[in-house]
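Dropping query18.txt in here (compact mmCIF, C-alpha atoms):
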# COMPACT_ATOMS: atom_id res chain seq x y z
CA ILE A 58 110.34 120.08 137.92
CA PRO A 59 112.57 122.20 135.62
CA GLU A 60 112.97 124.92 138.25
CA GLY A 61 113.55 122.29 140.93
CA TRP A 62 116.45 120.56 139.18
CA ASP A 63 118.51 120.63 142.37
CA HIS A 64 115.62 119.05 144.24
CA CYS A 65 115.46 116.35 141.55
CA LEU A 66 119.19 115.67 141.96
CA PHE A 67 118.67 115.18 145.68
CA MET A 68 115.83 112.71 145.00
CA LEU A 69 118.04 110.87 142.52
CA ALA A 70 120.76 110.59 145.19
CA MET A 71 118.21 109.25 147.70
CA PHE A 72 117.04 106.70 145.11
CA LEU A 73 120.59 105.63 144.26
CA GLY A 74 121.39 105.03 147.93
CA ALA A 75 118.24 103.01 148.57
CA ALA A 76 118.18 99.21 148.61
CA SER A 77 114.72 99.08 147.03
CA LEU A 78 112.12 101.19 145.30
CA ARG A 79 109.97 101.01 148.42
CA GLN A 80 112.83 102.31 150.55
CA ALA A 81 113.43 105.19 148.10
CA LEU A 82 109.74 106.16 148.15
CA GLY A 83 109.77 106.00 151.96
CA ARG A 84 112.75 108.35 152.07
CA SER A 85 110.88 110.69 149.77
CA LEU A 86 107.93 110.82 152.18
CA ILE A 87 110.22 111.49 155.13
CA PHE A 88 111.98 114.23 153.16
CA THR A 89 108.59 115.80 152.37
CA LEU A 90 107.66 115.70 156.05
CA GLY A 91 110.90 117.52 156.89
CA HIS A 92 110.44 120.29 154.35
CA SER A 93 106.76 120.60 155.27
CA ILE A 94 107.71 121.38 158.86
CA THR A 95 110.05 124.26 158.09
CA LEU A 96 107.99 125.63 155.21
CA SER A 97 104.92 125.65 157.48
CA ALA A 98 106.87 127.24 160.33
CA VAL A 99 107.99 130.11 158.10
CA ALA A 100 104.57 130.47 156.46
CA LEU A 101 102.84 130.66 159.84
CA GLY A 102 105.38 133.16 161.16
CA TRP A 103 106.90 130.85 163.77
CA ILE A 104 110.38 131.39 162.34
CA GLY A 105 111.69 134.17 160.14
CA ASN A 106 112.41 134.09 156.44
CA PRO A 107 115.77 132.38 155.94
CA GLY A 108 116.80 134.51 152.97
CA SER A 109 119.40 133.60 150.38
CA TRP A 110 121.93 132.14 152.83
CA ILE A 111 119.98 128.84 152.80
CA GLU A 112 120.74 128.15 149.13
CA PRO A 113 124.36 126.98 149.62
CA PHE A 114 123.16 124.65 152.38
CA ILE A 115 120.61 123.10 150.02
CA ALA A 116 123.40 122.40 147.52
CA LEU A 117 125.51 120.99 150.38
CA THR A 118 122.73 118.50 151.21
CA ILE A 119 122.78 117.35 147.59
CA GLY A 120 126.53 116.74 147.69
CA LEU A 121 126.42 115.02 151.07
CA GLY A 122 123.39 112.93 150.15
CA ALA A 123 125.14 111.73 147.00
CA LEU A 124 128.33 110.92 148.90
CA MET A 125 126.34 108.93 151.45
CA ALA A 126 124.67 107.03 148.61
CA TYR A 127 128.08 106.43 147.00
CA ARG A 128 129.56 105.04 150.19
CA GLY A 129 126.47 102.94 150.79
CA ASN A 130 127.30 102.19 154.41
CA ALA A 131 124.62 104.25 156.15
CA THR A 132 122.30 102.35 158.44
CA ASN A 133 118.60 102.21 157.71
CA ARG A 134 117.99 104.45 160.73
CA GLN A 135 120.49 107.04 159.48
CA MET A 136 118.76 107.03 156.12
CA LEU A 137 115.51 107.91 157.85
CA VAL A 138 117.07 110.77 159.81
CA VAL A 139 119.12 112.19 156.93
CA PRO A 140 116.17 112.84 154.56
CA ALA A 141 114.18 114.37 157.44
CA VAL A 142 117.00 116.75 158.42
CA PHE A 143 117.85 117.60 154.82
CA GLY A 144 114.12 118.13 154.25
CA LEU A 145 114.15 120.76 157.00
CA VAL A 146 116.85 122.62 155.07
CA HIS A 147 115.03 122.35 151.75
CA GLY A 148 111.81 123.60 153.40
CA LEU A 149 113.64 126.77 154.35
CA GLY A 150 114.64 127.14 150.71
CA PHE A 151 111.04 126.74 149.58
CA ALA A 152 110.01 129.35 152.14
CA ALA A 153 112.65 131.79 150.94
CA ALA A 154 111.43 131.32 147.37
CA VAL A 155 107.82 132.22 148.23
CA SER A 156 108.50 134.69 151.03
CA GLU A 157 107.01 137.66 149.19
CA ARG A 158 103.70 135.86 148.76
CA LEU A 159 103.50 134.60 152.35
CA LYS A 160 102.53 137.97 153.81
CA ASP A 161 99.42 138.08 151.59
CA TRP A 162 98.03 134.74 152.77
CA ASP A 163 95.71 134.22 155.74
CA ASN A 164 96.08 131.08 157.89
CA GLY A 165 93.29 129.24 156.08
CA SER A 166 94.90 129.95 152.73
CA ILE A 167 98.32 128.99 154.05
CA ILE A 168 97.11 125.55 155.12
CA ARG A 169 95.34 124.89 151.81
CA ILE A 170 98.33 126.11 149.81
CA LEU A 171 100.83 124.11 151.88
CA VAL A 172 98.83 120.89 151.58
CA GLY A 173 98.50 121.33 147.83
CA PHE A 174 102.16 122.26 147.47
CA ASN A 175 103.37 119.29 149.49
CA VAL A 176 101.15 116.84 147.63
CA GLY A 177 102.47 118.25 144.35
CA VAL A 178 106.08 118.05 145.49
CA GLU A 179 105.64 114.48 146.69
CA LEU A 180 104.08 113.46 143.37
CA ALA A 181 106.98 115.09 141.51
CA GLN A 182 109.49 113.31 143.76
CA MET A 183 107.73 110.00 143.13
CA ALA A 184 107.90 110.70 139.39
CA VAL A 185 111.66 111.37 139.63
CA ILE A 186 112.21 108.17 141.60
CA LEU A 187 110.07 106.03 139.29
CA ALA A 188 111.71 107.50 136.18
CA SER A 189 115.14 106.88 137.74
CA ALA A 190 114.18 103.28 138.52
CA ALA A 191 113.03 102.78 134.92
CA LEU A 192 116.27 104.24 133.54
CA LEU A 193 118.35 102.11 135.90
CA TRP A 194 116.41 99.03 134.81
CA LEU A 195 117.01 99.89 131.16
CA SER A 196 120.73 100.38 131.77
CA LEU A 197 120.90 96.97 133.48
CA ARG A 198 119.04 95.38 130.55
CA ALA A 199 121.68 96.94 128.28
CA GLY A 200 124.36 95.04 130.21
CA LEU A 201 125.76 97.86 132.33
CA SER A 202 126.93 97.11 135.85
CA GLU A 203 124.44 98.31 138.47
CA ILE A 204 127.19 99.15 140.95
CA LYS A 205 129.14 101.16 138.36
CA VAL A 206 126.04 103.04 137.19
CA ARG A 207 124.96 103.88 140.75
CA ARG A 208 128.43 104.90 141.91
CA SER A 209 129.15 106.99 138.79
CA LEU A 210 125.86 108.85 139.13
CA CYS A 211 126.44 109.40 142.85
CA LEU A 212 129.88 110.92 142.23
CA THR A 213 128.48 113.12 139.46
CA ILE A 214 125.66 114.35 141.69
CA ALA A 215 128.09 114.98 144.56
CA ALA A 216 130.38 117.01 142.28
CA VAL A 217 127.45 119.05 140.98
CA GLY A 218 126.11 119.61 144.51
CA PHE A 219 129.44 120.85 145.85
CA ALA A 220 130.09 123.00 142.75
CA VAL A 221 126.65 124.61 143.04
CA MET A 222 127.30 125.20 146.75
CA ALA A 223 130.56 127.01 145.93
CA TRP A 224 128.82 129.03 143.20
CA ARG A 225 126.02 130.05 145.56
CA VAL A 226 128.47 131.05 148.31
CA ALA A 227 130.42 133.11 145.77
CA GLY A 228 127.17 134.76 144.69
CA ILE A 229 126.22 135.67 148.24
CA ALA A 230 129.74 137.02 148.80
CA GLY A 231 129.42 139.14 145.64
CA LEU A 232 132.23 137.33 143.84
CA VAL A 233 130.12 136.36 140.82
Rewrite the structure from the file as structure tokens, please.
Amino acid sequence: IPEGWDHCLFMLAMFLGAASLRQALGRSLIFTLGHSITLSAVALGWIGNPGSWIEPFIALTIGLGALMAYRGNATNRQMLVVPAVFGLVHGLGFAAAVSERLKDWDNGSIIRILVGFNVGVELAQMAVILASAALLWLSLRAGLSEIKVRRSLCLTIAAVGFAVMAWRVAGIAGLV
């Protein structure tokens, strides 16, 4: 989880935009399906390694996901499509991170590794969502306004997402 802090922020945004814990966990599964598709496609050689250019797009999905949660007017259907599409982007990021190891794996190993990886990621996402739900519950018990807590966190996550995107673009451009 520590190295996947940006991934955790995205999960927090998905939780904050959900109407229920069940809906948040469902979005998590859909997100995992999305990133499983692109990670598998790269691992199996169906598409090439995305390289570092994918990193700013991952940060963009965090900012956009948080803004969508802040606005709160997305339809249930949109909030099924968005995690799937954003998951595709994050899967490319996972693939770029492990690209050096991919060439050493045979297809049998790839499938075993991908299943284990995706189960682990989903469990971590569930942990983030459940921990977020517990913290939100505690803040409500302390008398804080649920709307204010959710909206403040969404704006913070959006700002972090867009700032990280700018930082990553600057890094790719050699400006930092």
- prompt: Any idea what's packed within 8 Å of Leu212 in chain A, counting all atoms listed in the file, ignoring anything in its chain fewer than 2 positions away? Could you give it as a list in words?
  reply: Ala123, Leu124, Tyr127, Arg208, Ser209, Leu210, Ile214, Ala215 and Ala216 of chain A
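The nearest approach to Asn133 in chain A among the residues A:Gln80, A:Phe88, A:Met68, A:Gly120, with only C-alpha atoms taken into account, belongs to A:Gln80.
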task: Please provide the set of residues having any atom within 10 Å of range 151-161 of chain A, restricted to all atoms listed in the file, with same-chain residues fewer than 3 positions apart removed, written as a ChimeraX atom specification.
output: /A:92-93,95-102,105-112,146-148,164,166-167
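Residues with any atom within 8 Å of Val178 in chain A, counting only C-alpha atoms and excluding same-chain neighbours fewer than 4 positions away, are Thr89, Phe174 and Gln182 of chain A.
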Which residue of A:Leu201, A:Ala220, A:Val185, A:Cys211 approaches Leu78 in chain A most closely, using only C-alpha atoms: A:Val185
Atom-to-atom span, CA of Ala131 in chain A and CA of Gly144 in chain A, Å: 17.5 Å
- prompt: Distance CA of Val217 in chain A-CA of His64 in chain A, one decimal place?
  reply: 12.3 Å
- prompt: Please, what distance in Å, to one decimal, runs between CA of Gly218 in chain A and CA of Ala230 in chain A?
  reply: 18.3 Å
Please report, as AutoDock Vina command-line options, the centre and edge lengths in Å to one decimal of an axis-aligned box covering all listed atoms of range 216-231 of chain A with 6 Å per side.
--center_x 128.3 --center_y 128.1 --center_z 144.9 --size_x 16.5 --size_y 34.1 --size_z 19.8
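Closest approach to Phe143 in chain A from the set A:Gly61, A:Gly173, A:Gly122, A:Gly200 is made by A:Gly122, with distances taken over only C-alpha atoms.
Between Gly129 in chain A and the residues A:Ile170, A:Ala191, A:Leu149, A:Ala75, the shortest atom-to-atom distance, using only C-alpha atoms, involves A:Ala75.
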Can I get range 77-89 of chain A with N, CA and C atoms filled in, as a short mmCIF file (atom, residue, chain, number, x, y, z; two decimals), keeping the file's coordinate frame?
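Once written, rebuild.cif looks like this:
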data_model
loop_
_atom_site.label_atom_id
_atom_site.label_comp_id
_atom_site.auth_asym_id
_atom_site.auth_seq_id
_atom_site.Cartn_x
_atom_site.Cartn_y
_atom_site.Cartn_z
N SER A 77 115.91 99.49 147.77
CA SER A 77 114.72 99.08 147.03
C SER A 77 113.92 100.31 146.63
N LEU A 78 113.01 100.12 145.71
CA LEU A 78 112.12 101.19 145.30
C LEU A 78 111.25 101.63 146.47
N ARG A 79 110.78 100.68 147.24
CA ARG A 79 109.97 101.01 148.42
C ARG A 79 110.75 101.88 149.41
N GLN A 80 112.00 101.53 149.63
CA GLN A 80 112.83 102.31 150.55
C GLN A 80 113.03 103.73 150.01
N ALA A 81 113.25 103.87 148.71
CA ALA A 81 113.43 105.19 148.10
C ALA A 81 112.16 106.03 148.25
N LEU A 82 111.01 105.42 148.01
CA LEU A 82 109.74 106.16 148.15
C LEU A 82 109.49 106.54 149.61
N GLY A 83 109.89 105.68 150.53
CA GLY A 83 109.77 106.00 151.96
C GLY A 83 110.64 107.18 152.34
N ARG A 84 111.85 107.22 151.81
CA ARG A 84 112.75 108.35 152.07
C ARG A 84 112.16 109.63 151.52
N SER A 85 111.52 109.53 150.37
CA SER A 85 110.88 110.69 149.77
C SER A 85 109.80 111.25 150.69
N LEU A 86 108.98 110.37 151.26
CA LEU A 86 107.93 110.82 152.18
C LEU A 86 108.51 111.49 153.41
N ILE A 87 109.58 110.91 153.94
CA ILE A 87 110.22 111.49 155.13
C ILE A 87 110.82 112.85 154.79
N PHE A 88 111.43 112.96 153.62
CA PHE A 88 111.98 114.23 153.16
C PHE A 88 110.87 115.27 153.05
N THR A 89 109.73 114.89 152.49
CA THR A 89 108.59 115.80 152.37
C THR A 89 108.10 116.24 153.74
#
